[in-house]
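**Student:** Input start.pdb, format and content: PDB, C-alpha atoms and all ligand atoms.
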ATOM      1  CA  MET X  27       3.280  -7.256  21.506
ATOM      2  CA  ALA X  28       2.092  -9.971  19.100
ATOM      3  CA  ALA X  29       2.127  -9.042  15.412
ATOM      4  CA  LEU X  30      -1.217  -8.167  13.837
ATOM      5  CA  ILE X  31      -0.318 -10.047  10.658
ATOM      6  CA  GLU X  32       2.060 -12.970  10.541
ATOM      7  CA  LEU X  33       3.167 -15.068   7.581
ATOM      8  CA  GLU X  34       4.997 -18.261   8.386
ATOM      9  CA  ASP X  35       6.818 -20.049   5.566
ATOM     10  CA  LEU X  36       4.006 -19.236   3.126
ATOM     11  CA  HIS X  37       4.045 -21.132  -0.171
ATOM     12  CA  PHE X  38       1.582 -20.823  -3.054
ATOM     13  CA  ARG X  39       1.640 -22.394  -6.500
ATOM     14  CA  TYR X  40      -0.926 -21.586  -9.224
ATOM     15  CA  HIS X  41      -2.764 -24.368 -11.094
ATOM     16  CA  ASP X  42      -0.407 -24.069 -14.068
ATOM     17  CA  GLY X  43       2.547 -24.811 -11.768
ATOM     18  CA  THR X  44       3.843 -21.230 -11.298
ATOM     19  CA  PRO X  45       5.491 -21.067  -7.854
ATOM     20  CA  ALA X  46       4.221 -17.567  -6.941
ATOM     21  CA  LEU X  47       5.253 -17.604  -3.252
ATOM     22  CA  GLN X  48       8.195 -19.676  -2.086
ATOM     23  CA  GLY X  49       8.472 -19.622   1.692
ATOM     24  CA  ILE X  50       7.656 -16.122   2.941
ATOM     25  CA  SER X  51       7.895 -15.385   6.658
ATOM     26  CA  LEU X  52       7.273 -11.905   8.049
ATOM     27  CA  LYS X  53       5.355  -9.946  10.698
ATOM     28  CA  ILE X  54       3.466  -6.663  10.457
ATOM     29  CA  ASN X  55       2.517  -4.754  13.587
ATOM     30  CA  GLN X  56      -0.669  -2.828  14.252
ATOM     31  CA  GLY X  57      -0.543   0.781  13.004
ATOM     32  CA  GLU X  58       2.221   0.206  10.426
ATOM     33  CA  LYS X  59       2.097   1.756   6.952
ATOM     34  CA  THR X  60       3.731  -0.911   4.818
ATOM     35  CA  ALA X  61       4.734  -0.621   1.154
ATOM     36  CA  LEU X  62       5.274  -3.883  -0.716
ATOM     37  CA  LEU X  63       7.578  -3.496  -3.707
ATOM     38  CA  GLY X  64       9.094  -5.749  -6.340
ATOM     39  CA  PRO X  65       9.124  -6.285 -10.094
ATOM     40  CA  ASN X  66       6.135  -7.470 -12.145
ATOM     41  CA  GLY X  67       5.380 -11.065 -11.258
ATOM     42  CA  ALA X  68       7.262 -10.904  -7.918
ATOM     43  CA  GLY X  69       4.197 -12.234  -6.073
ATOM     44  CA  LYS X  70       2.886  -9.018  -4.476
ATOM     45  CA  SER X  71      -0.763  -9.489  -5.447
ATOM     46  CA  THR X  72      -0.618 -13.202  -4.637
ATOM     47  CA  LEU X  73       0.752 -12.423  -1.169
ATOM     48  CA  LEU X  74      -1.860  -9.748  -0.465
ATOM     49  CA  LEU X  75      -4.687 -12.021  -1.601
ATOM     50  CA  HIS X  76      -3.703 -14.370   1.245
ATOM     51  CA  LEU X  77      -4.260 -11.683   3.877
ATOM     52  CA  ASN X  78      -8.038 -11.712   3.702
ATOM     53  CA  GLY X  79      -8.723 -15.305   2.801
ATOM     54  CA  ILE X  80      -9.193 -14.945  -0.967
ATOM     55  CA  TYR X  81      -6.297 -17.395  -1.357
ATOM     56  CA  HIS X  82      -5.382 -19.922   1.310
ATOM     57  CA  ALA X  83      -1.894 -21.048   2.253
ATOM     58  CA  GLN X  84      -0.965 -24.298   0.491
ATOM     59  CA  GLN X  85       1.970 -24.680   2.849
ATOM     60  CA  GLY X  86       2.807 -22.583   5.910
ATOM     61  CA  ALA X  87       0.327 -20.254   7.598
ATOM     62  CA  VAL X  88      -1.184 -16.756   7.600
ATOM     63  CA  ARG X  89      -2.311 -15.334  10.941
ATOM     64  CA  VAL X  90      -4.361 -12.195  11.504
ATOM     65  CA  ALA X  91      -4.706 -11.005  15.109
ATOM     66  CA  GLY X  92      -3.259 -14.347  16.166
ATOM     67  CA  GLU X  93      -5.914 -16.386  14.283
ATOM     68  CA  LYS X  94      -4.770 -18.732  11.557
ATOM     69  CA  ILE X  95      -6.815 -17.993   8.404
ATOM     70  CA  THR X  96      -8.747 -21.024   7.192
ATOM     71  CA  ARG X  97     -11.848 -21.511   5.044
ATOM     72  CA  ALA X  98     -13.835 -21.739   8.295
ATOM     73  CA  ASN X  99     -13.029 -18.163   9.376
ATOM     74  CA  GLU X 100     -12.658 -16.404   6.016
ATOM     75  CA  ASN X 101     -15.836 -14.359   6.589
ATOM     76  CA  TRP X 102     -14.449 -13.132   9.886
ATOM     77  CA  VAL X 103     -11.169 -12.135   8.266
ATOM     78  CA  ARG X 104     -12.940 -10.312   5.423
ATOM     79  CA  GLY X 105     -14.637  -8.075   8.001
ATOM     80  CA  LYS X 106     -11.285  -7.329   9.564
ATOM     81  CA  VAL X 107      -9.205  -6.899   6.393
ATOM     82  CA  GLY X 108     -10.486  -4.691   3.556
ATOM     83  CA  PHE X 109      -8.965  -5.401   0.146
ATOM     84  CA  VAL X 110      -8.894  -2.965  -2.783
ATOM     85  CA  PHE X 111      -8.052  -4.976  -5.907
ATOM     86  CA  GLN X 112      -5.398  -3.974  -8.427
ATOM     87  CA  ASP X 113      -8.075  -3.926 -11.147
ATOM     88  CA  PRO X 114     -11.323  -2.153 -10.135
ATOM     89  CA  ASP X 115     -13.208  -4.218 -12.724
ATOM     90  CA  ASP X 116     -12.716  -7.145 -10.314
ATOM     91  CA  GLN X 117     -14.472  -5.199  -7.562
ATOM     92  CA  VAL X 118     -17.293  -2.947  -8.758
ATOM     93  CA  PHE X 119     -20.340  -4.694 -10.182
ATOM     94  CA  SER X 120     -23.597  -3.317  -8.674
ATOM     95  CA  PRO X 121     -26.190  -1.337 -10.698
ATOM     96  CA  THR X 122     -25.138   1.988  -9.147
ATOM     97  CA  VAL X 123     -22.104   3.364  -7.351
ATOM     98  CA  TRP X 124     -24.241   3.842  -4.225
ATOM     99  CA  ASP X 125     -25.346   0.174  -4.247
ATOM    100  CA  ASP X 126     -21.792  -0.914  -4.778
ATOM    101  CA  VAL X 127     -20.492   0.927  -1.739
ATOM    102  CA  ALA X 128     -23.502  -0.226   0.323
ATOM    103  CA  PHE X 129     -22.876  -3.886  -0.594
ATOM    104  CA  GLY X 130     -20.263  -4.570   2.118
ATOM    105  CA  PRO X 131     -22.057  -2.805   5.012
ATOM    106  CA  LEU X 132     -25.307  -4.522   3.927
ATOM    107  CA  ASN X 133     -23.603  -7.911   4.174
ATOM    108  CA  GLN X 134     -22.284  -6.931   7.586
ATOM    109  CA  GLY X 135     -25.933  -6.764   8.666
ATOM    110  CA  LEU X 136     -25.832  -3.092   9.659
ATOM    111  CA  GLU X 137     -28.963  -0.962  10.095
ATOM    112  CA  ARG X 138     -30.259   1.085   7.170
ATOM    113  CA  THR X 139     -29.394   4.475   8.713
ATOM    114  CA  THR X 140     -25.869   3.299   9.565
ATOM    115  CA  ILE X 141     -25.406   1.980   6.023
ATOM    116  CA  GLU X 142     -26.567   5.288   4.535
ATOM    117  CA  ALA X 143     -24.194   7.249   6.764
ATOM    118  CA  ARG X 144     -21.277   4.915   5.920
ATOM    119  CA  VAL X 145     -21.934   5.146   2.157
ATOM    120  CA  ARG X 146     -22.132   8.938   2.251
ATOM    121  CA  GLU X 147     -18.984   9.231   4.371
ATOM    122  CA  ALA X 148     -17.014   6.847   2.113
ATOM    123  CA  LEU X 149     -18.167   8.398  -1.183
ATOM    124  CA  GLN X 150     -17.444  11.908   0.086
ATOM    125  CA  ALA X 151     -13.974  10.790   1.236
ATOM    126  CA  VAL X 152     -13.049   9.702  -2.305
ATOM    127  CA  GLY X 153     -14.851  12.619  -4.021
ATOM    128  CA  MET X 154     -17.489  10.387  -5.635
ATOM    129  CA  TRP X 155     -20.683  11.474  -3.853
ATOM    130  CA  GLU X 156     -21.890  13.408  -6.917
ATOM    131  CA  LEU X 157     -21.579  10.247  -9.042
ATOM    132  CA  ARG X 158     -23.462   7.967  -6.635
ATOM    133  CA  ALA X 159     -26.356   7.262  -9.041
ATOM    134  CA  LYS X 160     -24.112   6.339 -11.965
ATOM    135  CA  ALA X 161     -23.620   2.770 -13.206
ATOM    136  CA  PRO X 162     -20.083   1.601 -12.276
ATOM    137  CA  HIS X 163     -19.438   0.267 -15.805
ATOM    138  CA  HIS X 164     -19.998   3.785 -17.152
ATOM    139  CA  LEU X 165     -17.300   5.277 -14.916
ATOM    140  CA  SER X 166     -13.778   6.103 -16.025
ATOM    141  CA  TYR X 167     -11.101   3.725 -14.730
ATOM    142  CA  GLY X 168      -9.907   6.170 -12.075
ATOM    143  CA  GLN X 169     -13.491   6.759 -10.932
ATOM    144  CA  LYS X 170     -14.037   2.994 -10.669
ATOM    145  CA  LYS X 171     -10.908   2.770  -8.552
ATOM    146  CA  ARG X 172     -12.269   5.471  -6.231
ATOM    147  CA  ALA X 173     -15.602   3.635  -5.997
ATOM    148  CA  ALA X 174     -13.756   0.403  -5.119
ATOM    149  CA  ILE X 175     -11.830   2.231  -2.383
ATOM    150  CA  ALA X 176     -15.075   3.728  -1.030
ATOM    151  CA  GLY X 177     -16.618   0.237  -0.884
ATOM    152  CA  ILE X 178     -13.819  -0.871   1.428
ATOM    153  CA  LEU X 179     -13.802   2.295   3.554
ATOM    154  CA  ALA X 180     -17.545   1.875   4.193
ATOM    155  CA  MET X 181     -16.868  -1.440   5.944
ATOM    156  CA  HIS X 182     -14.551   0.201   8.519
ATOM    157  CA  PRO X 183     -11.928  -2.573   8.369
ATOM    158  CA  GLU X 184      -9.077  -2.660  10.884
ATOM    159  CA  ILE X 185      -6.536  -3.498   8.186
ATOM    160  CA  VAL X 186      -6.710  -1.849   4.754
ATOM    161  CA  ILE X 187      -4.885  -3.408   1.809
ATOM    162  CA  LEU X 188      -4.591  -1.617  -1.511
ATOM    163  CA  ASP X 189      -3.023  -3.310  -4.519
ATOM    164  CA  GLU X 190      -1.501  -0.592  -6.746
ATOM    165  CA  PRO X 191      -3.786   2.120  -5.352
ATOM    166  CA  THR X 192      -2.431   5.002  -7.425
ATOM    167  CA  ALA X 193      -2.680   3.320 -10.830
ATOM    168  CA  PHE X 194      -5.163   5.307 -12.942
ATOM    169  CA  LEU X 195      -5.661   8.040 -10.331
ATOM    170  CA  ASP X 196      -4.912  11.600 -11.445
ATOM    171  CA  PRO X 197      -2.562  13.711  -9.235
ATOM    172  CA  ALA X 198      -5.505  15.199  -7.301
ATOM    173  CA  GLY X 199      -6.979  11.707  -6.840
ATOM    174  CA  GLN X 200      -3.625  10.389  -5.585
ATOM    175  CA  LYS X 201      -3.290  13.268  -3.136
ATOM    176  CA  ALA X 202      -6.849  12.722  -1.902
ATOM    177  CA  LEU X 203      -6.209   8.996  -1.494
ATOM    178  CA  PHE X 204      -3.141   9.588   0.668
ATOM    179  CA  GLU X 205      -5.043  12.108   2.764
ATOM    180  CA  ILE X 206      -7.623   9.365   3.406
ATOM    181  CA  LEU X 207      -4.855   6.895   4.252
ATOM    182  CA  GLU X 208      -3.383   9.394   6.745
ATOM    183  CA  ILE X 209      -6.779   9.753   8.426
ATOM    184  CA  LEU X 210      -7.087   5.944   8.620
ATOM    185  CA  HIS X 211      -3.559   5.686  10.005
ATOM    186  CA  ALA X 212      -4.318   8.336  12.633
ATOM    187  CA  LYS X 213      -7.285   6.172  13.685
ATOM    188  CA  GLY X 214      -4.841   3.300  14.344
ATOM    189  CA  LYS X 215      -5.570   1.306  11.171
ATOM    190  CA  THR X 216      -2.879  -0.851   9.646
ATOM    191  CA  ILE X 217      -2.329  -0.160   5.950
ATOM    192  CA  ILE X 218      -0.500  -2.171   3.316
ATOM    193  CA  ILE X 219      -0.050  -1.103  -0.287
ATOM    194  CA  ALA X 220       1.622  -2.812  -3.228
ATOM    195  CA  THR X 221       3.287  -0.240  -5.436
ATOM    196  CA  HIS X 222       5.997   0.367  -8.037
ATOM    197  CA  ASP X 223       6.354   3.990  -6.917
ATOM    198  CA  VAL X 224       9.535   4.206  -4.817
ATOM    199  CA  ASP X 225       9.122   7.940  -4.177
ATOM    200  CA  LEU X 226       5.673   7.396  -2.763
ATOM    201  CA  ALA X 227       6.934   4.461  -0.674
ATOM    202  CA  ALA X 228       9.838   6.574   0.673
ATOM    203  CA  GLU X 229       7.567   9.482   1.633
ATOM    204  CA  TRP X 230       4.673   7.451   3.021
ATOM    205  CA  ALA X 231       5.721   4.094   4.461
ATOM    206  CA  THR X 232       6.929   3.198   7.957
ATOM    207  CA  SER X 233       7.933  -0.248   6.738
ATOM    208  CA  ILE X 234       9.131  -1.667   3.406
ATOM    209  CA  ILE X 235       8.850  -5.220   2.119
ATOM    210  CA  LEU X 236      10.848  -6.178  -0.978
ATOM    211  CA  LEU X 237       9.780  -9.274  -2.910
ATOM    212  CA  LYS X 238      11.327 -10.983  -5.901
ATOM    213  CA  ASP X 239      10.531 -14.320  -7.570
ATOM    214  CA  GLY X 240       8.132 -15.179  -4.756
ATOM    215  CA  LYS X 241      10.814 -14.727  -2.092
ATOM    216  CA  LEU X 242      11.396 -12.089   0.566
ATOM    217  CA  LEU X 243      14.437  -9.975  -0.334
ATOM    218  CA  ALA X 244      14.214  -7.618   2.645
ATOM    219  CA  HIS X 245      11.841  -6.188   5.267
ATOM    220  CA  GLY X 246      12.796  -3.046   7.149
ATOM    221  CA  ASP X 247      12.531   0.746   7.224
ATOM    222  CA  THR X 248      12.617   3.080   4.194
ATOM    223  CA  GLY X 249      16.430   3.057   4.330
ATOM    224  CA  LEU X 250      16.170  -0.135   2.234
ATOM    225  CA  LEU X 251      15.116   2.029  -0.724
ATOM    226  CA  VAL X 252      18.597   3.584  -1.024
ATOM    227  CA  ARG X 253      20.656   0.442  -0.426
ATOM    228  CA  ASP X 254      22.449  -0.098  -3.783
ATOM    229  CA  SER X 255      22.543  -3.897  -3.694
ATOM    230  CA  LEU X 256      18.864  -4.195  -2.745
ATOM    231  CA  VAL X 257      17.675  -1.602  -5.251
ATOM    232  CA  ARG X 258      19.485  -3.541  -7.970
ATOM    233  CA  ALA X 259      18.337  -6.963  -6.757
ATOM    234  CA  ALA X 260      14.701  -5.843  -6.498
ATOM    235  CA  GLY X 261      14.761  -4.236  -9.952
ATOM    236  CA  LEU X 262      13.768  -0.889  -8.453
ATOM    237  CA  LYS X 263      14.990   2.600  -9.223
ATOM    238  CA  PHE X 264      16.328   4.963  -6.593
ATOM    239  CA  PRO X 265      13.993   7.657  -5.214
ATOM    240  CA  VAL X 266      14.334  10.788  -7.401
ATOM    241  CA  VAL X 267      15.817  12.865  -4.555
ATOM    242  CA  SER X 268      18.626  10.349  -4.065
ATOM    243  CA  GLN X 269      19.298  10.313  -7.838
ATOM    244  CA  VAL X 270      20.024  14.072  -7.682
ATOM    245  CA  PHE X 271      22.502  13.485  -4.847
ATOM    246  CA  GLN X 272      24.189  10.700  -6.823
ATOM    247  CA  GLN X 273      24.725  12.941  -9.850
ATOM    248  CA  VAL X 274      26.175  16.056  -8.177
ATOM    249  CA  PRO X 275      29.707  15.347  -6.822
ATOM    250  CA  ALA X 276      29.400  18.111  -4.184
ATOM    251  CA  LEU X 277      26.321  16.339  -2.814
ATOM    252  CA  VAL X 278      27.749  12.830  -2.574
ATOM    253  CA  VAL X 279      26.721  11.622   0.878
ATOM    254  CA  ARG X 280      25.944   8.281   2.512
ATOM    255  CA  PRO X 281      23.305   7.309   3.411
ATOM    256  CA  LEU X 282      21.552   8.960   0.496
ATOM    257  CA  PRO X 283      18.422  10.987   1.305
ATOM    258  CA  LYS X 284      15.131   9.248   0.421
ATOM    259  CA  THR X 285      12.585  12.018   0.793
ATOM    260  CA  VAL X 286      12.278  15.660  -0.274
ATOM    261  CA  ALA X 287      12.520  16.746   3.387
ATOM    262  CA  GLU X 288      15.702  14.728   3.949
ATOM    263  CA  GLY X 289      17.228  16.101   0.728
ATOM    264  CA  ALA X 290      16.387  19.704   1.669
ATOM    265  CA  HIS X 291      17.809  19.198   5.165
ATOM    266  CA  LEU X 292      21.090  17.838   3.770
ATOM    267  CA  ILE X 293      21.442  20.714   1.291
ATOM    268  CA  MET X 294      20.871  23.235   4.113
ATOM    269  CA  GLN X 295      23.540  21.466   6.199
ATOM    270  CA  LEU X 296      26.033  21.611   3.314
ATOM    271  CA  ILE X 297      25.310  25.320   2.714
ATOM    272  CA  ASN X 298      25.767  26.079   6.413
ATOM    273  CA  GLN X 299      29.046  24.138   6.541
ATOM    274  CA  LYS X 300      30.321  26.080   3.532
ATOM    275  CA  GLU X 301      29.320  29.417   5.046
ATOM    276  CA  GLU X 302      30.995  28.553   8.359
ATOM    277  CA  LYS X 303      34.155  27.539   6.534
ATOM    278  CA  ALA X 304      34.149  30.806   4.562
ATOM    279  CA  ARG X 305      33.679  32.829   7.775
ATOM    280  CA  GLY X 306      36.566  30.906   9.384
ATOM    281  CA  ILE X 307      38.876  31.794   6.486
ATOM    282  CA  ASN X 308      37.826  35.482   6.730
ATOM    283  CA  ILE X 309      38.694  35.597  10.456
ATOM    284  CA  ILE X 310      42.188  34.153   9.875
ATOM    285  CA  SER X 311      42.948  36.554   7.006
TER     286      SER X 311
HETATM  287  N1  LIG D   1      -4.147 -16.869 -12.054
HETATM  288  C1  LIG D   1      -2.865 -17.184 -12.261
HETATM  289  N2  LIG D   1      -2.514 -18.356 -12.853
HETATM  290  C2  LIG D   1      -1.229 -18.681 -13.056
HETATM  291  N3  LIG D   1      -0.188 -17.920 -12.704
HETATM  292  C3  LIG D   1      -0.474 -16.729 -12.120
HETATM  293  C4  LIG D   1      -1.808 -16.299 -11.880
HETATM  294  N4  LIG D   1      -1.778 -15.076 -11.291
HETATM  295  C5  LIG D   1      -0.469 -14.774 -11.175
HETATM  296  N5  LIG D   1       0.309 -15.755 -11.667
HETATM  297  C6  LIG D   1       1.798 -15.804 -11.689
HETATM  298  O1  LIG D   1       2.266 -15.729 -10.361
HETATM  299  C7  LIG D   1       3.411 -14.888 -10.261
HETATM  300  C8  LIG D   1       3.139 -13.772  -9.274
HETATM  301  O2  LIG D   1       2.121 -12.934  -9.823
HETATM  302  P1  LIG D   1       1.532 -11.685  -9.040
HETATM  303  O3  LIG D   1       0.332 -11.219  -9.770
HETATM  304  O4  LIG D   1       1.371 -12.041  -7.605
HETATM  305  O5  LIG D   1       2.754 -10.635  -9.189
HETATM  306  P2  LIG D   1       2.828  -9.080  -8.808
HETATM  307  O6  LIG D   1       4.077  -8.921  -8.003
HETATM  308  O7  LIG D   1       1.558  -8.648  -8.200
HETATM  309  O8  LIG D   1       3.063  -8.405 -10.236
HETATM  310  P3  LIG D   1       2.573  -6.960 -10.813
HETATM  311  O9  LIG D   1       3.623  -5.975 -10.386
HETATM  312  O10 LIG D   1       2.622  -7.182 -12.298
HETATM  313  O11 LIG D   1       1.201  -6.674 -10.293
HETATM  314  C9  LIG D   1       3.712 -14.430 -11.676
HETATM  315  O12 LIG D   1       4.713 -15.245 -12.200
HETATM  316  C10 LIG D   1       2.401 -14.636 -12.423
HETATM  317  O13 LIG D   1       2.646 -14.939 -13.773
HETATM  318 MG    MG D   2       0.105  -7.279  -8.759
END
Give the structure from this file in structure tokens form.

**Tutor:**
Amino acid sequence: MAALIELEDLHFRYHDGTPALQGISLKINQGEKTALLGPNGAGKSTLLLHLNGIYHAQQGAVRVAGEKITRANENWVRGKVGFVFQDPDDQVFSPTVWDDVAFGPLNQGLERTTIEARVREALQAVGMWELRAKAPHHLSYGQKKRAAIAGILAMHPEIVILDEPTAFLDPAGQKALFEILEILHAKGKTIIIATHDVDLAAEWATSIILLKDGKLLAHGDTGLLVRDSLVRAAGLKFPVVSQVFQQVPALVVRPLPKTVAEGAHLIMQLINQKEEKARGINIIS
């Protein structure tokens, strides 16, 4: 099966000479949940901005569904790839929240009734329906972020990209966001997030991309998040569950668990082993 997204030796340098991406090649398949991690300035946002034609490859290529992204097809790619910016102030600008969410579907040339249904569905999904008449610049930062997410959901894109989606969301907002992402994933959408949250990446992602200094450090499953050399090289911290296992000598295991479920399973296994050993000793005596 051909990859849905393909980067081939992608390079990008900003006007001031900063080499933000230095030869990135990778493939992302349809239906993946990908978390992109790396220190500040690693190039995460720059990379993501190439996936829907906001930036164009200066060297190398970006392909979506087999089509090389160029200025000629950037409108097509924007319908296919929804992008939620790191900073919602870059995204919400209409007089009301409702207008803001309707903006994308309106540009897609949809009928009025379809637009209304899409706006309602999207605003309800992010818990912002009650605030639909409010001016976006009067919203709190977290509310703006939700409005920005709703604006993308309303366009029904095949690929959803969220740059730091949990920044400024309260715990309930984060939980609600990931429930929405699970619904999108169940519908076969491909989702990519940039994040600094390794615990979230470990629990949520099916695929991990590690970037540093504009270069690809690694691309693989969530096992990468507990590989000592990579965690150090990428300037990450270990998932909290694995930190517990590193600190308690009786729990030292390899590979380290990444998620709460894996940690709980390992503890149960160790308890069972201990109980079986104790029973064995009783039988002999
Ligand atoms: N508009 C710009 N002009 C010049 N340099 C830029 C610009 N935007 C980003 N950069 C530089 O490009 C590099 C990559 O930045 P980018 O925003 O992609 O990093 P990031 O991984 O998203 O970081 P963060 O975790 O802070 O969001 C950095 O060195 C940054 O200083
Ligand atoms: Mg960024």

**Student:** Would you kindly return, as number ranges by chain, each protein, DNA or RNA residue with an atom no farther than 9 Å from any atom of X:Ala174, considering all atoms listed in the file and excluding same-chain residues fewer than 5 positions away?

**Tutor:** X: 110-111, 114-115, 117-118, 126-127, 169, 179

**Student:** With C-alpha atoms kept, could you save the residues just selected as a compact mmCIF listing (two decimals), keeping the file's coordinate frame?

**Tutor:**
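Produced file again_17.txt, reproduced below:
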# COMPACT_ATOMS: atom_id res chain seq x y z
CA VAL X 110 -8.89 -2.96 -2.78
CA PHE X 111 -8.05 -4.98 -5.91
CA PRO X 114 -11.32 -2.15 -10.14
CA ASP X 115 -13.21 -4.22 -12.72
CA GLN X 117 -14.47 -5.20 -7.56
CA VAL X 118 -17.29 -2.95 -8.76
CA ASP X 126 -21.79 -0.91 -4.78
CA VAL X 127 -20.49 0.93 -1.74
CA GLN X 169 -13.49 6.76 -10.93
CA LEU X 179 -13.80 2.30 3.55

**Student:** Between X:Thr232, X:Gln56, X:Gln299, X:Thr72, which residue has the minimum interatomic distance to ligand LIG 1 (chain D), considering all atoms listed in the file?

**Tutor:** X:Thr72

**Student:** Atom CA of X:Val279 to atom CA of X:Val266: how many Å, to one decimal?

**Tutor:**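 Result for atom CA of X:Val279 versus atom CA of X:Val266: 14.9 Å, one decimal.
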
**Student:** Please determine, counting only C-alpha atoms, which residue among X:Ala128, X:Ala259, X:Ile297, X:Leu165 has the shortest atom-to-atom distance to X:Gly64.

**Tutor:** X:Ala259

**Student:** Nearest to X:Gly108 among X:Gln273, X:Asn78, X:Gln48, X:Ser233, with distances taken over all atoms listed in the file: which residue is it?

**Tutor:**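 For X:Gly108, the nearest of the given residues is X:Asn78.
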
**Student:** Just give me the gap between atom CA of X:Leu75 and atom CA of X:Ile187 in Å, one decimal is fine.

**Tutor:** 9.3 Å

**Student:** I'd like the residues picked by the PyMOL selection byres (((not hetatm)) within 8 of (chain D and resi 2)) written out as a PyMOL selection string, using the chain letters and numbers from the file.

**Tutor:** chain X and resi 66-67+69-72+112+189-190+220

**Student:** Provide the atom CA of X:Leu210 to atom CA of X:Val186 distance in Å, to one decimal place.

**Tutor:**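 Atom CA of X:Val186 lies at a distance of 8.7 Å from atom CA of X:Leu210.
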
**Student:** Show me which residues sit within 12 Å of ligand LIG 1 (chain D) when counting all atoms listed in the file, and put them as a PyMOL selection string.

**Tutor:** chain X and resi 37-48+62-76+81+111-113+188-191+193+219-223+235-242+260-262

**Student:** Using only C-alpha atoms, pick whichever of X:Glu34, X:Leu282, X:Glu147, X:Asp254 has the shortest atom-to-atom distance to X:His182.

**Tutor:**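 Using only C-alpha atoms, the shortest distance to X:His182 belongs to X:Glu147.
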
**Student:** Determine the nearest neighbour of X:Thr140 from the options X:Met181, X:Pro162, X:Glu205, X:Ile293, counting all atoms listed in the file.

**Tutor:** X:Met181

**Student:** Evaluate the PyMOL selection byres (((chain X and resi 265) around 12) and not hetatm) against this structure - the residues, as JSON, numbers by chain, please.

**Tutor:** {"X": [222, 223, 224, 225, 226, 227, 228, 229, 248, 249, 250, 251, 252, 253, 254, 257, 262, 263, 264, 266, 267, 268, 269, 270, 271, 272, 282, 283, 284, 285, 286, 288, 289]}

**Student:** Under the rule that only C-alpha atoms are counted, which of X:Thr139, X:Gln84, X:Ser120, X:Gln134 is the nearest residue to X:His164?

**Tutor:**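 Residue with the minimum atom-to-atom distance to X:His164: X:Ser120.
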
**Student:** Please, which residues in stretch 117-199 of chain X fall within 7 Å of stretch 101-106 of chain X when counting all atoms listed in the file, and what is the closest atom pair and distance in Å to one decimal for each, ordered by chain then residue number, as a Markdown table?

**Tutor:**
| residue | atom | partner | partner_atom | distance |
| --- | --- | --- | --- | --- |
| X:Pro183 | CA | X:Lys106 | CA | 4.9 |
| X:Glu184 | CA | X:Lys106 | CA | 5.3 |
| X:Ile185 | CA | X:Lys106 | CA | 6.3 |

**Student:** Okay, now the selection with C-alpha atoms, as a CSV table (one decimal), keeping the file's coordinate frame?

**Tutor:**
chain,number,residue,atom,x,y,z
X,183,PRO,CA,-11.9,-2.6,8.4
X,184,GLU,CA,-9.1,-2.7,10.9
X,185,ILE,CA,-6.5,-3.5,8.2

**Student:** Please identify all polymer residues within 9 Å of X:Phe204, counting all atoms listed in the file, omitting same-chain residues fewer than 5 positions from it, and present them as a compact mmCIF listing (two decimals) with C-alpha atoms, keeping the file's coordinate frame.

**Tutor:**
# COMPACT_ATOMS: atom_id res chain seq x y z
CA GLY X 199 -6.98 11.71 -6.84
CA ILE X 209 -6.78 9.75 8.43
CA TRP X 230 4.67 7.45 3.02

**Student:** For this structure, which residues satisfy the selection - the PyMOL selection byres (((chain X and resi 31) around 6) and not hetatm) - when it is evaluated on the file as given? I want them as a list of chain:residue names.

**Tutor:**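 Output from the PyMOL selection byres (((chain X and resi 31) around 6) and not hetatm), applied to this file: X:Ala29, X:Leu30, X:Glu32, X:Lys53, X:Ile54, X:Arg89, X:Val90.
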
**Student:** Could you list, as an mmCIF file with C-alpha atoms, in the frame of the given file, every residue within 10 Å of X:Trp155, counting only C-alpha atoms and ignoring same-chain residues fewer than 5 positions away?

**Tutor:**
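Ended up saving to part_33.cif:
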data_model
loop_
_atom_site.group_PDB
_atom_site.id
_atom_site.type_symbol
_atom_site.label_atom_id
_atom_site.label_comp_id
_atom_site.auth_asym_id
_atom_site.auth_seq_id
_atom_site.Cartn_x
_atom_site.Cartn_y
_atom_site.Cartn_z
ATOM 1 C CA VAL X 123 -22.104 3.364 -7.351
ATOM 2 C CA TRP X 124 -24.241 3.842 -4.225
ATOM 3 C CA VAL X 145 -21.934 5.146 2.157
ATOM 4 C CA ARG X 146 -22.132 8.938 2.251
ATOM 5 C CA GLU X 147 -18.984 9.231 4.371
ATOM 6 C CA ALA X 148 -17.014 6.847 2.113
ATOM 7 C CA LEU X 149 -18.167 8.398 -1.183
ATOM 8 C CA GLN X 150 -17.444 11.908 0.086
ATOM 9 C CA ALA X 173 -15.602 3.635 -5.997
ATOM 10 C CA ALA X 176 -15.075 3.728 -1.030
#

**Student:** If we count only C-alpha atoms and set the cut-off at 7 Å, which residues sit around X:Ser51, ignoring sequence neighbours fewer than 5 positions away in its own chain? Please answer as number ranges by chain.

**Tutor:** X: 33-36

**Student:** Mind checking which residues fall within 12 Å of X:Lys201, counting all atoms listed in the file, ignoring those fewer than 5 positions away in the same chain, and posting them as number ranges by chain?

**Tutor:** X: 151-153, 191-192, 195-196, 206-208, 226, 230
